[in-house]
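Chemist: Right, I'll just put the structure down here and ask away after.
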Amino acid sequence: MYNLIGAGLIVIGAGIGLGQIGGKAMEGIARQPEATSKIQTAMIIIAALLEGLAFGALFLGK
Amino acid sequence: MNGASKSFKLVVLIMILFASFQGLAKSENDENKEVDTKDEVTEYILHHIKDAHDFHLFSYTSGEGERKHVGFPLPIILWTSNGLTTFMSSEFHHNDDGHVIVEKNGLKFAKIHSKIYELESGASEVSFDDGHHATNASKVLDLSITKSVFGVLLVGLLMFLAFSSLARQYKKKQIPTGFGRVLEPLVIYVRDEIARPNIGEKKYRRFTGYLLTVFFFIWILNLLGLTPLGFNVTGQLAVTAALAIFTLVIYTVSGNKDYWMHILWMPGVPILIRPVLAVIELAGALLIKPFSLLVRLFANISAGHIVVMSLIAIMFTLKESLTVGGATALSLLLSFFITLIEVLVAFLQAYIFTMLSALFIGMAVEEHDHH
């Protein structure tokens, strides 16, 4: 039961984080379309780091 | 335009084939009405996530009421007290709860939950305690060619053949032919988009070989995991841990003076904080970086497999409320789209693993002009 609540919290946190990353990257691309590839690379790296953290937490909570 | 739509049709066709194959593999397993369907589905999925000693495609109950299993066996190689013992996994007759005893080399073996147990001398069958642990049998050193080992060997062979033929083609002329044309842009992509910007112009050549190997290895294994053969190699902790340790060893060994300086005695920071930072940086470099690499790959691929199989299982779990046709249509639709997403994830995870490896290596070999 508690680990389900924990999993929900992790997903909420990761969702906020991913939303921030994606949203800011979109803004950046809209402002400077010529930097798209660089922004995308950085976005994917940060998203991957966040995902690693979230998965690590889910994995520990299992 | 025509080519694009053609290849799109091909992709759709392949996806439908995969989905229906996996559906077939499951549908025949749920004939047994006495057990709860949901429990059986859960057990089936968890069984699939783990490694196994044989390829199990599907099972069915024949007209005479006999359970038949379709698949092919793999060799079992054990290192026991009586030396090396080998036999085919078909001798267990797909039994996985220790009821079939195989006698080889003067020892008796049983398979319980995909693990091989050696029975104590004198025992003729496995006895269990309340927690379903075997009381008179112990695990043996298992060097078998399991499903995952087979997958690793297969991908190794495929990569060796594909890339050695690609390399040979460059000797004859500048442009590769056939399948090499598929590989060349990917190789250039890894070199120019992953290795070069992250490691730096001077040193990227030394590490491109490793990055290419790891990229194609993970990518092909991820794609194999989407075939109905039931591979889940990159979803095994042991495999992803080994890959992460390769990256760890490479960036630790090739780290230059500046890198270690920044870890152990961070310049530009008050002297009292330096030991604290050193502990954090050491933990980050030796534990957290490889751990994040291995958990990310493992969790993504395992989660993907669980989602695909759960969506296929909708066919059985929602059969009563949606009728057979409705549940099948819903499950096919959902699993089709999720399988498409999984194809993307297969590439993305290989890309991210390679990218982060390149980033970590780049951090370790980066040259600082100032300080």
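For the structure tokens, the naming scheme is as follows: chains receive sequential letters (A, B, ...) according to their order of presentation, residues are indexed from 1 within each chain, and ligands are indexed from 1 in presentation order.
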Give as a ChimeraX atom specification every residue of chain A that touches chain B within 9 Å, counting only C-alpha atoms.
Modeler: /A:44-45,48-49,51-53,55-56,59
Chemist: Go ahead and save the picked residues with C-alpha atoms, as an mmCIF file, in the first residue's frame.
Modeler:
data_model
loop_
_atom_site.group_PDB
_atom_site.id
_atom_site.type_symbol
_atom_site.label_atom_id
_atom_site.label_comp_id
_atom_site.auth_asym_id
_atom_site.auth_seq_id
_atom_site.Cartn_x
_atom_site.Cartn_y
_atom_site.Cartn_z
ATOM 1 C CA ILE A 44 17.347 14.356 -23.684
ATOM 2 C CA ILE A 45 20.368 14.120 -21.381
ATOM 3 C CA ALA A 48 17.511 10.737 -18.990
ATOM 4 C CA LEU A 49 19.141 11.780 -15.715
ATOM 5 C CA GLU A 51 14.380 9.257 -15.498
ATOM 6 C CA GLY A 52 17.314 7.410 -13.951
ATOM 7 C CA LEU A 53 16.534 9.029 -10.613
ATOM 8 C CA PHE A 55 13.475 4.622 -11.898
ATOM 9 C CA GLY A 56 16.046 4.242 -9.164
ATOM 10 C CA PHE A 59 13.263 0.206 -8.079
#
Chemist: For A:Gly19, list every protein, DNA or RNA residue within 10 Å, evaluated using only C-alpha atoms, and leave out those in the same chain fewer than 6 positions away; present the list as an MDAnalysis selection string.
Modeler: chainID A and resid 13 25 47
Chemist: With C-alpha atoms retained, export the selected residues as a short mmCIF file (atom, residue, chain, number, x, y, z; two decimals), in the first residue's frame.
Modeler:
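Contents of result_14.cif, freshly written:
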data_model
loop_
_atom_site.label_atom_id
_atom_site.label_comp_id
_atom_site.auth_asym_id
_atom_site.auth_seq_id
_atom_site.Cartn_x
_atom_site.Cartn_y
_atom_site.Cartn_z
CA GLY A 13 7.67 14.43 -9.14
CA ALA A 25 13.11 23.27 -24.22
CA ALA A 47 15.43 13.91 -19.10
#
Chemist: Tell me which of B:Ala162, B:His368, B:Tyr189, B:Leu46 sits closest to B:Thr177, counting only C-alpha atoms.
Modeler: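 Among the listed residues, the smallest separation from B:Thr177 belongs to B:Ala162.
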Chemist: Can you tell me, as a ChimeraX atom specification, which residues in stretch 87-227 of chain B count as strand (DSSP E or B) by DSSP?
Modeler: /B:87-88,97,102-104,107-112,115-119,128,134,137-139,141-142
